[in-house]
Amino acid sequence: MSTCPLCQAEAAREFTRVESFGYPLSYLQCGHCGFIFQDPEKTEAANPSFYAETYRKIYQASPEPTAKDLRQQELRASDQLDFLQAQGIKPKRVLDIGASSGLLLAKLREGLRAEVGGVEPGDAYRAMAQARGISVSPSIEALIASKPERFDLVSLMHVLEHLPDPLGSLRQIREELLSPDGFLLVEVPNFYAHDAYELAHLACYTPHSLRQMLRRAGFEVLVERQHGWPRSRTLPLYLGILAKPAPGAEETAVQTESGVGLKRSWGMLKRKILTRIMPAKTWLPLEGPQ
Ligand SMILES: [Zn+2]
């Protein structure tokens with residue numbers, strides 16, 4: 001039986017079958033809480049060597065970042081900096097998990113005058129971030145083993161959906177890396193607007209399930225946002241959350257989300273309509289839909 005990464009129930013049923021980069025994928029739905037996920041035991045993408053070598057090659061046909069990829073990262077980084085500044089958050093020490101080539105960290109170092117560090121499993125990307133003078137570890141475990149001083153902002157940009165045990169990783173971040181009065185910044189694809197099915201996406205988050213995941217890991221959600229920048233002006237492609245460690249105990253009960261399949265169908269229909277009636281606003285020029 002497959003265990004739900006959110007509520008740990010063993011009551012999953014197949015939700016859909018798709019193909020991604022030539023690999024057949026099976027997404028399951030938890031019969032208890034409604035969460036959509038791939039069984040990490042059965043998918044290639046949960047293997048640690050997948051990210052070190054295979055991931056960027058499959059996604060971009062090259063281990064180096066493409067111009068489009070860098071442009072997207074640059075626009076995302078500016079958007080996150082604007083968001084943090086609008087919230088009045090001024091961290092002294094920032095950690096970006098899934099730091100890629102270090103663009104976000106470079107932006108935050110400059111814009112917030114913060115000390116920055118990263119975690120990035122991809123060898124070529126890690127080397128690029130290090131070339132910017134950023135200290136980057138290959139894994140969360142390697143970073144924790146180096147006993148770093150606590151960070152007052154930890155960001156996970158388009159990372160949570162790739163982790164085989166998101167709940168465990170979030171708890172580990174809260175317990176071992178984030179300072180008790182620090183902030184957590186998370187962004188993931190929105191299952192109700194983004195294509196979302198991809199070999200490396202082990203879970204598909206809805207606004208409800210993302211909130212539940214953070215609460216269960218011991219975080220209090222402060223701000224939630226849905227937006228499409230830098231890909232779309234009309235579609236809420238991404239879910240963003242700003243959270244902080246909750247003072248009390250972790251929440252154990254997960255509230256069930258019903259109607260996930262219907263909401264997905266409705267979101268994808270809306271996307272199709274907007275693509276047809278407002279193509280230029282719906283897909284900004286960064287090559288192809290997501
Ligand atoms: Zn569940």
# chains A, B, ... in the order shown; residues from 1 in each chain; ligands from 1
call {"tool": "closest_atom_pairs", "arguments": {"of": "chain A", "to": "ligand 1", "cutoff": "6 Å", "atoms": "only C-alpha atoms and all ligand atoms", "output": "Markdown table"}}
result
| residue | atom | partner | partner_atom_place_in_ligand_line | distance |
| --- | --- | --- | --- | --- |
| A:Cys4 | CA | ligand 1 | 1 (Zn) | 4.6 |
| A:Leu6 | CA | ligand 1 | 1 (Zn) | 5.1 |
| A:Cys7 | CA | ligand 1 | 1 (Zn) | 4.0 |
| A:Gln8 | CA | ligand 1 | 1 (Zn) | 5.8 |
| A:Ala9 | CA | ligand 1 | 1 (Zn) | 5.4 |
| A:Cys30 | CA | ligand 1 | 1 (Zn) | 4.6 |
| A:His32 | CA | ligand 1 | 1 (Zn) | 5.1 |
| A:Cys33 | CA | ligand 1 | 1 (Zn) | 4.0 |
| A:Gly34 | CA | ligand 1 | 1 (Zn) | 5.9 |
| A:Phe35 | CA | ligand 1 | 1 (Zn) | 5.3 |
call {"tool": "closest_atom_pairs", "arguments": {"of": "range 216-281 of chain A", "to": "range 153-157 of chain A", "cutoff": "12 Å", "atoms": "only C-alpha atoms", "output": "Markdown table"}}
result
| residue | atom | partner | partner_atom | distance |
| --- | --- | --- | --- | --- |
| A:Tyr238 | CA | A:Met157 | CA | 10.2 |
| A:Leu239 | CA | A:Met157 | CA | 10.2 |
| A:Gly240 | CA | A:Met157 | CA | 8.8 |
| A:Ile241 | CA | A:Ser155 | CA | 10.0 |
| A:Leu242 | CA | A:Ser155 | CA | 9.2 |
| A:Ala243 | CA | A:Leu153 | CA | 9.9 |
| A:Lys244 | CA | A:Leu153 | CA | 9.3 |
| A:Pro245 | CA | A:Leu153 | CA | 11.2 |
call {"tool": "write_last_selection", "arguments": {"atoms": "all heavy atoms", "output": "short mmCIF file (atom, residue, chain, number, x, y, z; two decimals), in the first residue's frame"}}
result
data_model
loop_
_atom_site.label_atom_id
_atom_site.label_comp_id
_atom_site.auth_asym_id
_atom_site.auth_seq_id
_atom_site.Cartn_x
_atom_site.Cartn_y
_atom_site.Cartn_z
N TYR A 238 0.70 29.61 -9.64
CA TYR A 238 1.56 29.30 -8.48
C TYR A 238 0.87 29.64 -7.17
O TYR A 238 0.11 30.61 -7.08
CB TYR A 238 2.87 30.08 -8.59
CG TYR A 238 3.49 29.99 -9.96
CD1 TYR A 238 3.69 31.13 -10.74
CD2 TYR A 238 3.85 28.75 -10.49
CE1 TYR A 238 4.24 31.05 -12.01
CE2 TYR A 238 4.40 28.66 -11.77
CZ TYR A 238 4.58 29.81 -12.53
OH TYR A 238 5.10 29.72 -13.78
N LEU A 239 1.20 28.84 -6.14
CA LEU A 239 0.72 29.08 -4.79
C LEU A 239 1.91 29.50 -3.94
O LEU A 239 2.90 28.77 -3.87
CB LEU A 239 0.14 27.81 -4.19
CG LEU A 239 -1.02 27.15 -4.92
CD1 LEU A 239 -1.36 25.82 -4.24
CD2 LEU A 239 -2.23 28.08 -4.92
N GLY A 240 1.81 30.65 -3.32
CA GLY A 240 2.89 31.12 -2.45
C GLY A 240 2.39 31.20 -1.02
O GLY A 240 1.23 31.53 -0.78
N ILE A 241 3.28 30.87 -0.07
CA ILE A 241 2.91 30.95 1.35
C ILE A 241 4.08 31.51 2.14
O ILE A 241 5.23 31.12 1.91
CB ILE A 241 2.50 29.55 1.89
CG1 ILE A 241 1.00 29.32 1.64
CG2 ILE A 241 2.83 29.42 3.36
CD1 ILE A 241 0.39 28.16 2.39
N LEU A 242 3.77 32.42 3.04
CA LEU A 242 4.74 32.88 4.02
C LEU A 242 4.26 32.34 5.36
O LEU A 242 3.09 32.51 5.71
CB LEU A 242 4.79 34.42 4.04
CG LEU A 242 5.81 35.03 4.99
CD1 LEU A 242 7.23 34.79 4.50
CD2 LEU A 242 5.56 36.52 5.16
N ALA A 243 5.15 31.68 6.08
CA ALA A 243 4.76 31.04 7.34
C ALA A 243 5.83 31.26 8.39
O ALA A 243 6.95 31.69 8.06
CB ALA A 243 4.53 29.55 7.12
N LYS A 244 5.49 30.95 9.64
CA LYS A 244 6.51 30.98 10.70
C LYS A 244 6.26 29.80 11.63
O LYS A 244 5.14 29.26 11.67
CB LYS A 244 6.46 32.30 11.44
CG LYS A 244 5.19 32.54 12.21
CD LYS A 244 5.30 33.79 13.06
CE LYS A 244 4.13 33.81 14.04
NZ LYS A 244 4.05 34.97 14.86
N PRO A 245 7.28 29.38 12.38
CA PRO A 245 7.07 28.25 13.29
C PRO A 245 5.94 28.56 14.26
O PRO A 245 5.87 29.66 14.80
CB PRO A 245 8.41 28.14 14.03
CG PRO A 245 9.41 28.75 13.10
CD PRO A 245 8.68 29.86 12.40
#
call {"tool": "closest_residue", "arguments": {"among": "A:Gly259, A:Gln80, A:Glu161, A:Pro279", "to": "Glu198 in chain A", "atoms": "only C-alpha atoms"}}
result
A:Glu161
call {"tool": "residues_around", "arguments": {"residues": "Leu177 in chain A", "least_positions_apart": "4", "cutoff": "8 Å", "atoms": "only C-alpha atoms", "output": "list in words"}}
result
Ile144, Pro148, Glu149, Arg150, Phe151, Gln172 and Ile173 of chain A
call {"tool": "write_last_selection", "arguments": {"atoms": "N, CA and C atoms", "output": "PDB file, in the first residue's frame"}}
result
ATOM      1  N   ILE A 144      23.073  20.362   7.497  1.00  0.00           N
ATOM      2  CA  ILE A 144      22.850  20.183   8.941  1.00  0.00           C
ATOM      3  C   ILE A 144      24.115  19.625   9.597  1.00  0.00           C
ATOM      4  N   PRO A 148      25.342  24.740  10.845  1.00  0.00           N
ATOM      5  CA  PRO A 148      25.309  26.173  10.540  1.00  0.00           C
ATOM      6  C   PRO A 148      24.547  26.947  11.618  1.00  0.00           C
ATOM      7  N   GLU A 149      24.808  28.216  11.736  1.00  0.00           N
ATOM      8  CA  GLU A 149      24.022  29.103  12.587  1.00  0.00           C
ATOM      9  C   GLU A 149      22.607  29.101  11.997  1.00  0.00           C
ATOM     10  N   ARG A 150      21.576  29.304  12.832  1.00  0.00           N
ATOM     11  CA  ARG A 150      20.194  29.270  12.326  1.00  0.00           C
ATOM     12  C   ARG A 150      19.921  30.402  11.320  1.00  0.00           C
ATOM     13  N   PHE A 151      19.014  30.147  10.407  1.00  0.00           N
ATOM     14  CA  PHE A 151      18.648  31.128   9.385  1.00  0.00           C
ATOM     15  C   PHE A 151      17.343  31.804   9.790  1.00  0.00           C
ATOM     16  N   GLN A 172      12.146  19.014   9.603  1.00  0.00           N
ATOM     17  CA  GLN A 172      13.594  19.090   9.763  1.00  0.00           C
ATOM     18  C   GLN A 172      14.072  20.544   9.629  1.00  0.00           C
ATOM     19  N   ILE A 173      13.501  21.261   8.669  1.00  0.00           N
ATOM     20  CA  ILE A 173      13.855  22.675   8.470  1.00  0.00           C
ATOM     21  C   ILE A 173      13.479  23.470   9.722  1.00  0.00           C
TER      22      ILE A 173
END
call {"tool": "atom_distance", "arguments": {"atom1": "CA of Ile89 in chain A", "atom2": "CA of Asp152 in chain A"}}
result
9.8 Å
call {"tool": "select_by_dssp", "arguments": {"residues": "range 71-213 of chain A", "states": "alpha helix (DSSP H)", "output": "number ranges by chain"}}
result
A: 71-86, 103-112, 123-131, 140-145, 166-176, 207-213
call {"tool": "closest_residue", "arguments": {"among": "A:Gln85, A:Thr275, A:Ser232, A:Gln212", "to": "Glu251 in chain A", "atoms": "only C-alpha atoms"}}
result
A:Gln212
call {"tool": "residues_around", "arguments": {"residues": "Leu163 in chain A", "least_positions_apart": "5", "cutoff": "12 Å", "atoms": "only C-alpha atoms", "output": "JSON, numbers by chain"}}
result
{"A": [5, 6, 37, 38, 39, 40, 43, 45, 46, 47, 48, 50, 51, 97, 98, 139, 140, 156, 158, 168, 169, 170, 188, 200, 201, 202, 203, 204]}
call {"tool": "closest_atom_pairs", "arguments": {"of": "range 127-239 of chain A", "to": "range 260-267 of chain A", "cutoff": "12 Å", "atoms": "only C-alpha atoms", "output": "tab-separated table"}}
result
residue	atom	partner	partner_atom	distance
A:Asn190	CA	A:Arg264	CA	9.7
A:Phe191	CA	A:Arg264	CA	6.6
A:Tyr192	CA	A:Gly267	CA	4.9
A:Ala193	CA	A:Gly267	CA	5.4
A:His194	CA	A:Gly267	CA	8.7
A:Asp195	CA	A:Arg264	CA	9.8
A:Ala196	CA	A:Arg264	CA	10.5
A:Tyr197	CA	A:Arg264	CA	11.9
A:Cys204	CA	A:Arg264	CA	10.7
A:Tyr205	CA	A:Val260	CA	10.4
A:Thr206	CA	A:Val260	CA	8.3
A:Pro207	CA	A:Val260	CA	10.9
A:His208	CA	A:Val260	CA	9.9
A:Ser209	CA	A:Val260	CA	10.2
A:Thr234	CA	A:Gly267	CA	12.0
A:Leu235	CA	A:Gly267	CA	9.1
A:Pro236	CA	A:Gly267	CA	9.4
A:Leu237	CA	A:Gly267	CA	10.1
call {"tool": "write_last_selection", "arguments": {"atoms": "all heavy atoms", "output": "compact mmCIF listing (two decimals), in the first residue's frame"}}
result
# COMPACT_ATOMS: atom_id res chain seq x y z
N ASN A 190 0.24 25.36 -8.71
CA ASN A 190 -1.14 25.24 -8.23
C ASN A 190 -1.88 24.18 -9.07
O ASN A 190 -2.07 24.38 -10.28
CB ASN A 190 -1.83 26.61 -8.36
CG ASN A 190 -3.28 26.59 -7.95
OD1 ASN A 190 -3.80 25.59 -7.48
ND2 ASN A 190 -3.95 27.73 -8.15
N PHE A 191 -2.31 23.11 -8.44
CA PHE A 191 -2.96 22.01 -9.16
C PHE A 191 -4.23 22.47 -9.87
O PHE A 191 -4.68 21.81 -10.80
CB PHE A 191 -3.29 20.90 -8.15
CG PHE A 191 -3.76 19.61 -8.78
CD1 PHE A 191 -3.00 18.97 -9.76
CD2 PHE A 191 -4.95 19.01 -8.38
CE1 PHE A 191 -3.43 17.78 -10.33
CE2 PHE A 191 -5.39 17.81 -8.94
CZ PHE A 191 -4.62 17.20 -9.92
N TYR A 192 -4.79 23.60 -9.45
CA TYR A 192 -6.02 24.08 -10.07
C TYR A 192 -5.78 25.06 -11.23
O TYR A 192 -6.72 25.68 -11.71
CB TYR A 192 -6.94 24.69 -9.01
CG TYR A 192 -7.40 23.69 -7.99
CD1 TYR A 192 -7.69 24.07 -6.69
CD2 TYR A 192 -7.55 22.34 -8.33
CE1 TYR A 192 -8.12 23.13 -5.74
CE2 TYR A 192 -7.97 21.40 -7.39
CZ TYR A 192 -8.25 21.80 -6.11
OH TYR A 192 -8.67 20.88 -5.18
N ALA A 193 -4.50 25.20 -11.67
CA ALA A 193 -4.23 26.08 -12.82
C ALA A 193 -3.03 25.61 -13.63
O ALA A 193 -2.97 25.83 -14.83
CB ALA A 193 -3.99 27.51 -12.34
N HIS A 194 -2.06 25.00 -12.97
CA HIS A 194 -0.81 24.58 -13.61
C HIS A 194 -1.00 23.16 -14.14
O HIS A 194 -1.72 22.36 -13.52
CB HIS A 194 0.28 24.60 -12.54
CG HIS A 194 1.68 24.45 -13.05
ND1 HIS A 194 2.20 23.26 -13.49
CD2 HIS A 194 2.68 25.36 -13.17
CE1 HIS A 194 3.46 23.45 -13.86
NE2 HIS A 194 3.78 24.71 -13.68
N ASP A 195 -0.33 22.83 -15.23
CA ASP A 195 -0.41 21.47 -15.75
C ASP A 195 -0.07 20.45 -14.65
O ASP A 195 -0.72 19.42 -14.52
CB ASP A 195 0.52 21.33 -16.96
CG ASP A 195 0.40 19.94 -17.57
OD1 ASP A 195 -0.74 19.48 -17.73
OD2 ASP A 195 1.43 19.30 -17.83
N ALA A 196 0.97 20.73 -13.88
CA ALA A 196 1.33 20.02 -12.63
C ALA A 196 1.85 18.58 -12.79
O ALA A 196 2.73 18.17 -12.04
CB ALA A 196 0.19 20.04 -11.61
N TYR A 197 1.33 17.81 -13.74
CA TYR A 197 1.82 16.44 -13.88
C TYR A 197 3.17 16.44 -14.57
O TYR A 197 3.27 16.78 -15.74
CB TYR A 197 0.84 15.60 -14.71
CG TYR A 197 -0.54 15.47 -14.11
CD1 TYR A 197 -1.66 15.66 -14.91
CD2 TYR A 197 -0.72 15.14 -12.78
CE1 TYR A 197 -2.94 15.52 -14.38
CE2 TYR A 197 -1.99 15.00 -12.24
CZ TYR A 197 -3.10 15.19 -13.04
OH TYR A 197 -4.36 15.05 -12.53
N CYS A 204 0.98 17.03 -6.02
CA CYS A 204 0.30 18.14 -6.66
C CYS A 204 -0.45 18.90 -5.57
O CYS A 204 -1.36 18.34 -4.95
CB CYS A 204 -0.69 17.61 -7.69
SG CYS A 204 0.09 16.66 -9.00
N TYR A 205 -0.05 20.14 -5.33
CA TYR A 205 -0.64 20.91 -4.22
C TYR A 205 -1.82 21.76 -4.65
O TYR A 205 -1.78 22.41 -5.70
CB TYR A 205 0.42 21.80 -3.58
CG TYR A 205 1.42 21.01 -2.79
CD1 TYR A 205 2.58 20.53 -3.40
CD2 TYR A 205 1.19 20.69 -1.46
CE1 TYR A 205 3.49 19.75 -2.68
CE2 TYR A 205 2.10 19.93 -0.73
CZ TYR A 205 3.25 19.47 -1.36
OH TYR A 205 4.13 18.71 -0.65
N THR A 206 -2.81 21.77 -3.79
CA THR A 206 -3.94 22.69 -3.92
C THR A 206 -3.76 23.71 -2.78
O THR A 206 -2.99 23.46 -1.85
CB THR A 206 -5.28 21.93 -3.71
OG1 THR A 206 -5.35 21.51 -2.34
CG2 THR A 206 -5.37 20.72 -4.63
N PRO A 207 -4.47 24.85 -2.83
CA PRO A 207 -4.33 25.79 -1.71
C PRO A 207 -4.58 25.09 -0.37
O PRO A 207 -3.86 25.31 0.60
CB PRO A 207 -5.40 26.85 -2.01
CG PRO A 207 -5.55 26.81 -3.51
CD PRO A 207 -5.34 25.36 -3.89
N HIS A 208 -5.58 24.21 -0.34
CA HIS A 208 -5.92 23.50 0.90
C HIS A 208 -4.80 22.57 1.36
O HIS A 208 -4.38 22.61 2.51
CB HIS A 208 -7.22 22.70 0.67
CG HIS A 208 -7.62 21.85 1.83
ND1 HIS A 208 -8.56 22.25 2.75
CD2 HIS A 208 -7.21 20.61 2.23
CE1 HIS A 208 -8.70 21.30 3.67
NE2 HIS A 208 -7.90 20.29 3.36
N SER A 209 -4.30 21.74 0.44
CA SER A 209 -3.31 20.73 0.87
C SER A 209 -1.97 21.37 1.23
O SER A 209 -1.27 20.89 2.12
CB SER A 209 -3.14 19.62 -0.17
OG SER A 209 -2.66 20.10 -1.39
N THR A 234 -3.23 36.08 -16.16
CA THR A 234 -4.62 35.71 -15.86
C THR A 234 -4.74 34.43 -15.03
O THR A 234 -5.74 34.26 -14.34
CB THR A 234 -5.43 35.49 -17.16
OG1 THR A 234 -4.83 34.41 -17.88
CG2 THR A 234 -5.45 36.73 -18.05
N LEU A 235 -3.76 33.53 -15.12
CA LEU A 235 -3.90 32.24 -14.44
C LEU A 235 -3.15 32.21 -13.11
O LEU A 235 -2.00 32.62 -13.04
CB LEU A 235 -3.32 31.13 -15.34
CG LEU A 235 -3.96 30.95 -16.71
CD1 LEU A 235 -3.13 29.97 -17.54
CD2 LEU A 235 -5.38 30.46 -16.57
N PRO A 236 -3.79 31.67 -12.06
CA PRO A 236 -3.10 31.52 -10.77
C PRO A 236 -2.21 30.27 -10.77
O PRO A 236 -2.49 29.29 -10.08
CB PRO A 236 -4.25 31.40 -9.77
CG PRO A 236 -5.35 30.75 -10.55
CD PRO A 236 -5.19 31.19 -11.99
N LEU A 237 -1.15 30.30 -11.58
CA LEU A 237 -0.32 29.11 -11.78
C LEU A 237 0.41 28.65 -10.53
O LEU A 237 0.73 27.48 -10.38
CB LEU A 237 0.73 29.39 -12.87
CG LEU A 237 0.22 29.61 -14.29
CD1 LEU A 237 1.36 30.10 -15.18
CD2 LEU A 237 -0.38 28.33 -14.85
call {"tool": "atom_distance", "arguments": {"atom1": "CA of Val223 in chain A", "atom2": "CA of Leu81 in chain A"}}
result
15.0 Å
